[in-house]
file target-v5.cif (mmCIF, C-alpha atoms)
data_model
#
loop_
_atom_site.label_atom_id
_atom_site.label_comp_id
_atom_site.auth_asym_id
_atom_site.auth_seq_id
_atom_site.Cartn_x
_atom_site.Cartn_y
_atom_site.Cartn_z
CA MET A 22 0.00 0.00 0.00
CA ASN A 23 1.47 3.36 -0.99
CA PRO A 24 1.46 6.46 1.27
CA SER A 25 -1.40 8.10 -0.56
CA GLN A 26 -3.64 5.02 -0.04
CA VAL A 27 -2.67 4.96 3.63
CA ASN A 28 -3.56 8.65 3.93
CA GLU A 29 -6.87 7.99 2.22
CA LEU A 30 -7.73 5.33 4.82
CA LEU A 31 -6.75 7.68 7.60
CA GLY A 32 -9.01 10.34 6.08
CA LEU A 33 -11.89 7.84 5.99
CA ALA A 34 -11.34 6.97 9.64
CA VAL A 35 -11.25 10.65 10.65
CA ASP A 36 -14.41 11.41 8.70
CA GLU A 37 -16.29 8.39 10.06
CA VAL A 38 -15.38 9.00 13.70
CA LEU A 39 -15.95 12.76 13.68
CA SER A 40 -19.26 12.58 11.84
CA THR A 41 -20.70 9.62 13.78
CA MET A 42 -19.72 10.49 17.35
CA PHE A 43 -19.02 14.23 17.27
CA TYR A 44 -21.37 15.55 14.54
CA ILE A 45 -18.45 17.31 12.86
CA PHE A 46 -17.95 17.03 9.12
CA THR A 47 -14.45 17.48 7.73
CA GLU A 48 -12.73 17.91 4.40
CA PRO A 49 -9.04 17.17 3.83
CA VAL A 50 -6.99 20.30 3.21
CA GLN A 51 -3.71 20.57 1.38
CA PRO A 52 -1.68 23.11 3.36
CA GLY A 53 -0.57 25.83 0.95
CA PRO A 54 -0.15 29.57 0.67
CA ASP A 55 -3.90 30.16 0.80
CA GLN A 56 -4.96 27.39 3.15
CA GLY A 57 -2.41 26.90 5.89
CA VAL A 58 -2.63 25.57 9.40
CA GLN A 59 -4.59 27.92 11.59
CA PHE A 60 -3.81 26.90 15.13
CA GLY A 61 -2.93 28.45 18.39
CA GLN A 62 -5.37 31.31 18.90
CA SER A 63 -6.68 29.53 22.00
CA GLY A 64 -3.82 27.12 22.74
CA VAL A 65 -3.42 23.63 21.30
CA VAL A 66 -4.43 20.13 22.38
CA ARG A 67 -1.94 17.39 21.57
CA VAL A 68 -2.74 13.66 21.86
CA LYS A 69 -0.31 10.82 21.27
CA LEU A 70 -1.28 7.20 20.71
CA ALA A 71 1.12 4.32 20.05
CA PHE A 72 0.16 0.99 18.50
CA GLU A 73 1.79 -2.38 17.81
CA GLY A 74 0.91 -5.29 15.58
CA PRO A 75 1.63 -6.15 11.94
CA PHE A 76 2.74 -2.52 11.74
CA GLN A 77 3.94 -0.40 14.60
CA GLY A 78 3.82 3.33 14.98
CA GLY A 79 1.69 6.05 16.35
CA LEU A 80 -0.70 8.89 15.80
CA GLY A 81 -0.30 12.48 16.87
CA VAL A 82 -3.55 14.43 16.87
CA TYR A 83 -3.57 18.22 17.24
CA PHE A 84 -6.28 20.83 17.34
CA ASP A 85 -7.08 24.22 18.73
CA GLN A 86 -8.48 24.26 22.27
CA ARG A 87 -11.54 26.11 21.04
CA PHE A 88 -12.18 23.25 18.61
CA GLY A 89 -11.57 20.84 21.51
CA ARG A 90 -14.34 22.44 23.55
CA THR A 91 -16.80 22.18 20.65
CA LEU A 92 -15.74 18.59 20.09
CA CYS A 93 -16.31 17.75 23.75
CA ALA A 94 -19.64 19.58 23.95
CA ASN A 95 -20.93 17.71 20.89
CA PHE A 96 -19.67 14.38 22.21
CA LEU A 97 -21.20 14.73 25.66
CA GLY A 98 -24.29 16.71 24.69
CA GLU A 99 -23.30 19.54 27.07
CA GLU A 100 -23.06 23.31 26.67
CA GLU A 101 -19.57 24.54 25.71
CA SER A 102 -19.56 26.76 28.80
CA GLU A 103 -19.81 23.61 30.96
CA ILE A 104 -16.72 21.98 29.45
CA THR A 105 -13.65 21.86 31.71
CA GLU A 106 -10.09 21.12 30.59
CA PRO A 107 -10.09 17.55 32.02
CA MET A 108 -13.34 16.82 30.13
CA MET A 109 -11.83 18.21 26.93
CA LEU A 110 -8.63 16.15 27.31
CA ASP A 111 -10.60 12.98 28.13
CA THR A 112 -12.67 13.48 24.99
CA ALA A 113 -9.53 14.17 22.95
CA LYS A 114 -8.13 10.81 24.09
CA GLU A 115 -11.34 9.02 23.09
CA LEU A 116 -11.31 10.72 19.70
CA THR A 117 -7.72 9.64 19.08
CA ASN A 118 -8.43 6.09 20.27
CA MET A 119 -11.38 5.82 17.90
CA ILE A 120 -9.50 7.27 14.92
CA GLY A 121 -6.56 4.94 15.60
CA GLY A 122 -8.75 1.86 16.06
CA ARG A 123 -10.84 2.56 12.98
CA PHE A 124 -7.80 3.35 10.82
CA LEU A 125 -6.05 0.10 11.79
CA VAL A 126 -9.16 -1.96 11.00
CA LEU A 127 -9.35 -0.31 7.58
CA LEU A 128 -5.62 -0.93 7.06
CA GLU A 129 -5.56 -4.60 8.17
CA PRO A 130 -9.13 -5.88 8.77
CA GLN A 131 -8.11 -9.42 9.66
CA LYS A 132 -5.18 -8.67 11.93
CA SER A 133 -5.06 -7.56 15.48
CA PHE A 134 -3.24 -4.50 16.81
CA THR A 135 -2.67 -3.44 20.37
CA LEU A 136 -3.36 0.21 21.07
CA GLY A 137 -1.48 1.97 23.84
CA LEU A 138 -3.17 4.31 26.29
CA PRO A 139 -3.50 7.75 24.70
CA GLU A 140 -1.80 10.72 26.34
CA ALA A 141 -3.35 14.17 25.98
CA GLU A 142 -2.13 17.59 27.04
CA ALA A 143 -3.06 21.20 26.55
CA LEU A 144 -0.20 23.30 25.20
CA GLY A 145 -0.03 27.08 25.37
CA SER A 146 1.96 27.45 22.19
CA ALA A 147 1.38 26.12 18.69
CA GLY A 148 5.10 26.07 17.87
CA GLU A 149 5.55 22.30 17.83
CA VAL A 150 2.36 21.78 15.84
CA LEU A 151 3.32 24.27 13.17
CA SER A 152 6.82 22.79 12.84
CA GLN A 153 5.27 19.41 11.96
CA ALA A 154 2.58 20.69 9.63
CA GLU A 155 4.32 19.72 6.40
CA GLU A 156 4.50 16.04 7.36
CA SER A 157 0.92 15.89 8.61
CA LEU A 158 -2.60 15.57 7.30
CA LEU A 159 -4.90 18.49 7.82
CA PHE A 160 -8.71 18.40 7.94
CA GLU A 161 -10.99 21.38 8.02
CA SER A 162 -14.52 21.75 9.36
CA GLU A 163 -16.84 24.61 10.19
CA GLU A 164 -15.77 24.20 13.81
CA GLY A 165 -12.01 24.33 13.13
CA GLN A 166 -9.05 22.30 11.93
CA ILE A 167 -7.61 19.00 13.08
CA MET A 168 -4.11 17.91 12.18
CA ILE A 169 -2.90 14.31 12.25
CA ARG A 170 0.62 13.02 12.09
CA LEU A 171 0.97 9.31 11.37
CA SER A 172 4.10 7.22 11.78
CA LEU A 173 3.95 3.71 10.44
CA GLU A 174 6.61 1.06 10.02
CA ASP A 175 6.79 -2.71 9.65
CA ALA A 176 7.01 -4.54 12.96
CA LYS A 177 10.56 -5.62 13.73
CA MET B 45 -38.39 -5.66 30.71
CA ALA B 46 -36.02 -2.86 31.73
CA ALA B 47 -32.45 -4.14 32.04
CA ASP B 48 -29.99 -2.97 34.69
CA LEU B 49 -26.69 -2.14 32.99
CA LEU B 50 -23.10 -1.78 34.14
CA ILE B 51 -20.89 0.39 31.91
CA VAL B 52 -17.15 -0.13 32.40
CA ASP B 53 -14.74 2.36 30.84
CA ASP B 54 -11.79 4.29 32.25
CA SER B 55 -13.02 7.36 30.36
CA ARG B 56 -15.82 9.19 32.18
CA SER B 57 -16.70 10.89 28.89
CA MET B 58 -17.17 7.57 27.15
CA ARG B 59 -19.38 6.26 29.95
CA MET B 60 -21.56 9.36 29.64
CA VAL B 61 -21.72 8.96 25.85
CA ILE B 62 -22.68 5.30 26.04
CA ARG B 63 -25.56 6.23 28.38
CA LYS B 64 -26.62 9.01 26.04
CA ILE B 65 -26.53 6.70 23.02
CA LEU B 66 -28.49 4.03 24.87
CA ASP B 67 -31.16 6.61 25.76
CA MET B 68 -31.26 7.81 22.14
CA SER B 69 -31.52 4.25 20.84
CA GLY B 70 -34.82 3.56 22.56
CA PHE B 71 -33.33 0.68 24.55
CA LYS B 72 -35.33 0.05 27.72
CA ALA B 73 -32.76 0.48 30.46
CA GLY B 74 -33.53 0.26 34.15
CA GLN B 75 -30.71 1.21 36.49
CA TYR B 76 -27.35 2.38 35.14
CA TYR B 77 -24.16 1.62 37.04
CA GLU B 78 -20.75 2.93 36.03
CA ALA B 79 -17.25 1.68 36.79
CA GLY B 80 -13.94 3.32 35.87
CA SER B 81 -11.95 0.07 36.16
CA GLY B 82 -12.33 -3.70 36.10
CA GLN B 83 -11.85 -3.90 39.86
CA GLU B 84 -14.59 -1.34 40.48
CA ALA B 85 -16.85 -3.31 38.11
CA LEU B 86 -16.37 -6.50 40.16
CA GLU B 87 -17.24 -4.59 43.34
CA ILE B 88 -20.45 -3.22 41.78
CA LEU B 89 -21.41 -6.69 40.54
CA ASP B 90 -20.93 -7.93 44.07
CA GLN B 91 -23.25 -5.31 45.54
CA HIS B 92 -25.97 -4.73 42.94
CA HIS B 93 -28.24 -6.58 40.57
CA VAL B 94 -26.94 -6.21 37.00
CA ASP B 95 -28.44 -7.79 33.87
CA LEU B 96 -25.72 -6.95 31.39
CA VAL B 97 -22.17 -5.56 31.35
CA LEU B 98 -20.72 -3.30 28.65
CA THR B 99 -16.95 -3.03 28.92
CA ASP B 100 -14.13 -1.30 27.12
CA ILE B 101 -11.03 -3.43 26.37
CA ASN B 102 -8.19 -0.99 26.68
CA MET B 103 -8.06 -0.01 30.36
CA PRO B 104 -5.14 0.28 32.78
CA ALA B 105 -4.62 -2.44 35.45
CA MET B 106 -7.35 -4.85 34.29
CA SER B 107 -8.35 -5.01 30.61
CA GLY B 108 -11.93 -5.61 29.53
CA LEU B 109 -10.97 -9.09 28.35
CA GLU B 110 -9.50 -9.89 31.76
CA LEU B 111 -12.70 -8.64 33.38
CA LEU B 112 -14.71 -10.84 31.01
CA ALA B 113 -12.59 -13.85 31.97
CA LYS B 114 -13.14 -13.15 35.69
CA ILE B 115 -16.90 -12.87 35.19
CA ARG B 116 -16.98 -16.16 33.27
CA GLU B 117 -14.91 -17.89 35.96
CA SER B 118 -17.25 -16.86 38.75
CA GLU B 119 -20.11 -19.13 39.73
CA GLN B 120 -22.45 -16.22 40.37
CA TRP B 121 -22.07 -14.31 37.10
CA SER B 122 -20.91 -16.96 34.65
CA LYS B 123 -24.07 -16.62 32.52
CA MET B 124 -24.22 -12.82 32.58
CA PRO B 125 -24.09 -11.27 29.08
CA VAL B 126 -20.96 -9.17 28.58
CA ILE B 127 -20.61 -6.90 25.57
CA ILE B 128 -17.22 -5.63 24.53
CA VAL B 129 -17.13 -1.97 23.48
CA SER B 130 -13.83 -1.11 21.88
CA THR B 131 -11.95 0.97 19.37
CA GLU B 132 -10.19 -2.23 18.33
CA GLY B 133 -12.31 -4.08 15.79
CA SER B 134 -10.23 -6.62 13.88
CA GLN B 135 -11.69 -10.04 13.12
CA GLN B 136 -9.00 -11.59 15.32
CA ARG B 137 -9.97 -9.40 18.30
CA ARG B 138 -13.68 -10.14 17.84
CA GLU B 139 -13.00 -13.88 17.70
CA GLU B 140 -10.87 -13.66 20.83
CA ALA B 141 -13.72 -11.88 22.65
CA VAL B 142 -16.27 -14.48 21.54
CA ARG B 143 -13.90 -17.31 22.55
CA LEU B 144 -13.65 -15.78 26.03
CA GLY B 145 -17.44 -15.69 26.25
CA ALA B 146 -18.49 -12.21 25.06
CA ALA B 147 -22.16 -12.02 24.10
CA GLY B 148 -21.56 -9.19 21.63
CA TYR B 149 -19.00 -6.76 20.25
CA LEU B 150 -19.41 -3.08 19.45
CA GLN B 151 -16.68 -1.18 17.70
CA LYS B 152 -16.51 2.56 18.32
CA PRO B 153 -17.75 4.64 16.58
CA PHE B 154 -21.25 3.16 16.60
CA GLN B 155 -24.82 4.18 15.84
CA PRO B 156 -27.63 4.02 18.46
CA GLU B 157 -29.55 1.40 16.43
CA GLU B 158 -26.52 -0.89 16.40
CA VAL B 159 -26.15 -0.61 20.17
CA ARG B 160 -29.82 -1.37 20.79
CA GLU B 161 -29.72 -4.36 18.42
CA VAL B 162 -26.63 -5.91 20.07
CA LEU B 163 -28.02 -5.38 23.59
CA ASN B 164 -31.43 -6.81 22.78
CA GLN B 165 -29.83 -9.78 21.05
CA SER B 166 -27.57 -10.44 24.05
CA LEU B 167 -30.54 -10.34 26.42
CA GLY B 168 -32.67 -12.54 24.17
CA LEU B 169 -35.17 -9.71 23.54
CA SER B 170 -36.83 -8.88 20.24
CA ASP B 171 -35.38 -5.75 18.64
CA GLU B 172 -38.30 -3.36 18.20
CA SER B 173 -37.23 -0.10 16.58
#
call {"tool": "encode", "arguments": {"input": "target-v5.cif", "output": "structure tokens"}}
result
Amino acid sequence: MNPSQVNELLGLAVDEVLSTMFYIFTEPVQPGPDQGVQFGQSGVVRVKLAFEGPFQGGLGVYFDQRFGRTLCANFLGEEESEITEPMMLDTAKELTNMIGGRFLVLLEPQKSFTLGLPEAEALGSAGEVLSQAEESLLFESEEGQIMIRLSLEDAK
Amino acid sequence: MAADLLIVDDSRSMRMVIRKILDMSGFKAGQYYEAGSGQEALEILDQHHVDLVLTDINMPAMSGLELLAKIRESEQWSKMPVIIVSTEGSQQRREEAVRLGAAGYLQKPFQPEEVREVLNQSLGLSDES
């Protein structure tokens, strides 16, 4: 499977998870001069998830904290004003878990992977996110952007 | 019949969402119990009447599959339906869950209708939409 097919599967997983559980509809975006990464106005949420199996690697999921609050409010059916940082980070971990799990099933439907426990944190600065933008996939929605960095290699 | 349910997930958000989805699905639930770990789930089972357990797999300390194995080993709860709710959905993982005695398997993300159907099936109820 070539990188563009892998990215397509990841895009499918992102779309399926966000639309089914969070009522957010995304389109992939090619970062360029007109449509770049727009992060950091309200701080950034970063989630990391490792996996092992026929392939090993990990996902890094990044989004603006404002987007994170909308995501959490939609997920829990609560008002955005009721969303606390721990609730937002918990939801971010669930989102990443679901994207990772769905992506790996699409990649290797018959084989089993083991997902690690996701780690989420709220960052004040978008510096790290922006430095990785060129090697990441970017998705845009009315509610904001979500950036995903995938690392994938054959199991040793 | 309204079924008493135990939802086991280390994520409080996910437990809330599962309850919300069950309410949306039209499933007739009685009492809801929630546990943030396998150990807490065993304590609730010990103290309350539960008709069905929904458990995540990927949890620290005791995984959902380990919890399932403990429930199957016990004399008291060996026949209790346990549904696995997980982000992991490979055929191999599903077969492993069924081999350990899971009554059903739900892969996240899921739709309310799918949840109701799996729960009704596990409890031997007809699935009226």
call {"tool": "atom_distance", "arguments": {"input": "target-v5.cif", "atom1": "atom CA of A:Met119", "atom2": "atom CA of A:Val65"}}
result
19.8 Å
call {"tool": "resolve_selection", "arguments": {"input": "target-v5.cif", "expression": "the PyMOL selection byres ((chain A) within 7 of (chain B))", "output": "ChimeraX atom specification"}}
result
/A:38,41-42,96-97,108,111-112,118-119,122-123,126,130-133
call {"tool": "closest_residue", "arguments": {"input": "target-v5.cif", "among": "B:Met124, B:Val162, B:Tyr76, B:Ala113", "to": "B:Asp95", "atoms": "only C-alpha atoms"}}
result
B:Met124
call {"tool": "resolve_selection", "arguments": {"input": "target-v5.cif", "expression": "the PyMOL selection byres ((chain A and resi 34) around 10)", "output": "PDB file with C-alpha atoms, in the frame of the given file"}}
result
ATOM      1  CA  ASN A  28      -3.560   8.650   3.930  1.00  0.00           C
ATOM      2  CA  GLU A  29      -6.870   7.990   2.220  1.00  0.00           C
ATOM      3  CA  LEU A  30      -7.730   5.330   4.820  1.00  0.00           C
ATOM      4  CA  LEU A  31      -6.750   7.680   7.600  1.00  0.00           C
ATOM      5  CA  GLY A  32      -9.010  10.340   6.080  1.00  0.00           C
ATOM      6  CA  LEU A  33     -11.890   7.840   5.990  1.00  0.00           C
ATOM      7  CA  VAL A  35     -11.250  10.650  10.650  1.00  0.00           C
ATOM      8  CA  ASP A  36     -14.410  11.410   8.700  1.00  0.00           C
ATOM      9  CA  GLU A  37     -16.290   8.390  10.060  1.00  0.00           C
ATOM     10  CA  VAL A  38     -15.380   9.000  13.700  1.00  0.00           C
ATOM     11  CA  LEU A  39     -15.950  12.760  13.680  1.00  0.00           C
ATOM     12  CA  SER A  40     -19.260  12.580  11.840  1.00  0.00           C
ATOM     13  CA  MET A 119     -11.380   5.820  17.900  1.00  0.00           C
ATOM     14  CA  ILE A 120      -9.500   7.270  14.920  1.00  0.00           C
ATOM     15  CA  GLY A 121      -6.560   4.940  15.600  1.00  0.00           C
ATOM     16  CA  GLY A 122      -8.750   1.860  16.060  1.00  0.00           C
ATOM     17  CA  ARG A 123     -10.840   2.560  12.980  1.00  0.00           C
ATOM     18  CA  PHE A 124      -7.800   3.350  10.820  1.00  0.00           C
ATOM     19  CA  LEU A 125      -6.050   0.100  11.790  1.00  0.00           C
ATOM     20  CA  VAL A 126      -9.160  -1.960  11.000  1.00  0.00           C
ATOM     21  CA  LEU A 127      -9.350  -0.310   7.580  1.00  0.00           C
TER      22      LEU A 127
ATOM     23  CA  PRO B 153     -17.750   4.640  16.580  1.00  0.00           C
TER      24      PRO B 153
END
call {"tool": "closest_atom_pairs", "arguments": {"input": "target-v5.cif", "of": "stretch 63-87 of chain A", "to": "stretch 160-175 of chain A", "cutoff": "6 Å", "atoms": "all atoms listed in the file", "output": "CSV"}}
result
residue,atom,partner,partner_atom,distance
A:Phe76,CA,A:Asp175,CA,4.6
A:Gln77,CA,A:Glu174,CA,5.5
A:Gly78,CA,A:Leu173,CA,4.6
A:Gly79,CA,A:Ser172,CA,5.3
A:Leu80,CA,A:Leu171,CA,4.8
A:Gly81,CA,A:Arg170,CA,4.9
A:Val82,CA,A:Ile169,CA,4.7
A:Tyr83,CA,A:Met168,CA,5.1
A:Phe84,CA,A:Ile167,CA,4.8
call {"tool": "decode", "arguments": {"input": "target-v5.cif", "residues": "stretch 137-161 of chain B", "atoms": "N, CA, C and O atoms", "output": "short mmCIF file (atom, residue, chain, number, x, y, z; two decimals), in the first residue's frame"}}
result
data_model
loop_
_atom_site.label_atom_id
_atom_site.label_comp_id
_atom_site.auth_asym_id
_atom_site.auth_seq_id
_atom_site.Cartn_x
_atom_site.Cartn_y
_atom_site.Cartn_z
N ARG B 137 -9.58 -9.90 16.97
CA ARG B 137 -9.97 -9.40 18.30
C ARG B 137 -11.40 -9.82 18.64
O ARG B 137 -11.71 -10.21 19.77
N ARG B 138 -12.28 -9.74 17.63
CA ARG B 138 -13.68 -10.14 17.84
C ARG B 138 -13.75 -11.63 18.19
O ARG B 138 -14.49 -12.03 19.09
N GLU B 139 -12.98 -12.43 17.44
CA GLU B 139 -13.00 -13.88 17.70
C GLU B 139 -12.46 -14.20 19.09
O GLU B 139 -12.97 -15.09 19.77
N GLU B 140 -11.45 -13.46 19.49
CA GLU B 140 -10.87 -13.66 20.83
C GLU B 140 -11.93 -13.36 21.90
O GLU B 140 -12.08 -14.11 22.88
N ALA B 141 -12.68 -12.27 21.68
CA ALA B 141 -13.72 -11.88 22.65
C ALA B 141 -14.81 -12.96 22.73
O ALA B 141 -15.25 -13.33 23.82
N VAL B 142 -15.22 -13.45 21.57
CA VAL B 142 -16.27 -14.48 21.54
C VAL B 142 -15.76 -15.77 22.22
O VAL B 142 -16.47 -16.40 23.00
N ARG B 143 -14.49 -16.10 21.95
CA ARG B 143 -13.90 -17.31 22.55
C ARG B 143 -13.89 -17.19 24.09
O ARG B 143 -14.11 -18.17 24.79
N LEU B 144 -13.67 -15.98 24.58
CA LEU B 144 -13.65 -15.78 26.03
C LEU B 144 -15.06 -15.69 26.63
O LEU B 144 -15.23 -15.60 27.83
N GLY B 145 -16.07 -15.66 25.74
CA GLY B 145 -17.44 -15.69 26.25
C GLY B 145 -18.22 -14.40 26.11
O GLY B 145 -19.25 -14.23 26.77
N ALA B 146 -17.74 -13.45 25.26
CA ALA B 146 -18.49 -12.21 25.06
C ALA B 146 -19.80 -12.51 24.33
O ALA B 146 -19.83 -13.34 23.42
N ALA B 147 -20.85 -11.82 24.74
CA ALA B 147 -22.16 -12.02 24.10
C ALA B 147 -22.31 -11.13 22.87
O ALA B 147 -23.18 -11.35 22.03
N GLY B 148 -21.48 -10.10 22.77
CA GLY B 148 -21.56 -9.19 21.63
C GLY B 148 -20.34 -8.31 21.57
O GLY B 148 -19.54 -8.27 22.52
N TYR B 149 -20.18 -7.60 20.44
CA TYR B 149 -19.00 -6.76 20.25
C TYR B 149 -19.43 -5.50 19.52
O TYR B 149 -20.07 -5.56 18.48
N LEU B 150 -19.11 -4.36 20.09
CA LEU B 150 -19.41 -3.08 19.45
C LEU B 150 -18.11 -2.34 19.20
O LEU B 150 -17.34 -2.13 20.14
N GLN B 151 -17.88 -1.98 17.95
CA GLN B 151 -16.68 -1.18 17.70
C GLN B 151 -17.05 0.29 17.64
O GLN B 151 -17.98 0.70 16.95
N LYS B 152 -16.32 1.11 18.39
CA LYS B 152 -16.51 2.56 18.32
C LYS B 152 -15.90 3.06 17.01
O LYS B 152 -14.81 2.59 16.68
N PRO B 153 -16.48 3.98 16.29
CA PRO B 153 -17.75 4.64 16.58
C PRO B 153 -18.93 3.74 16.23
O PRO B 153 -18.82 2.87 15.35
N PHE B 154 -20.07 3.96 16.89
CA PHE B 154 -21.25 3.16 16.60
C PHE B 154 -22.50 4.02 16.58
O PHE B 154 -22.51 5.14 17.09
N GLN B 155 -23.54 3.48 15.95
CA GLN B 155 -24.82 4.18 15.84
C GLN B 155 -25.76 3.65 16.94
O GLN B 155 -25.65 2.50 17.34
N PRO B 156 -26.70 4.47 17.41
CA PRO B 156 -27.63 4.02 18.46
C PRO B 156 -28.37 2.73 18.10
O PRO B 156 -28.53 1.85 18.96
N GLU B 157 -28.79 2.60 16.84
CA GLU B 157 -29.55 1.40 16.43
C GLU B 157 -28.71 0.14 16.62
O GLU B 157 -29.22 -0.91 17.00
N GLU B 158 -27.43 0.26 16.29
CA GLU B 158 -26.52 -0.89 16.40
C GLU B 158 -26.38 -1.31 17.87
O GLU B 158 -26.40 -2.50 18.19
N VAL B 159 -26.30 -0.32 18.73
CA VAL B 159 -26.15 -0.61 20.17
C VAL B 159 -27.40 -1.32 20.68
O VAL B 159 -27.32 -2.33 21.37
N ARG B 160 -28.57 -0.77 20.33
CA ARG B 160 -29.82 -1.37 20.79
C ARG B 160 -29.94 -2.82 20.30
O ARG B 160 -30.31 -3.72 21.06
N GLU B 161 -29.59 -3.02 19.01
CA GLU B 161 -29.72 -4.36 18.42
C GLU B 161 -28.82 -5.37 19.15
O GLU B 161 -29.27 -6.46 19.51
#
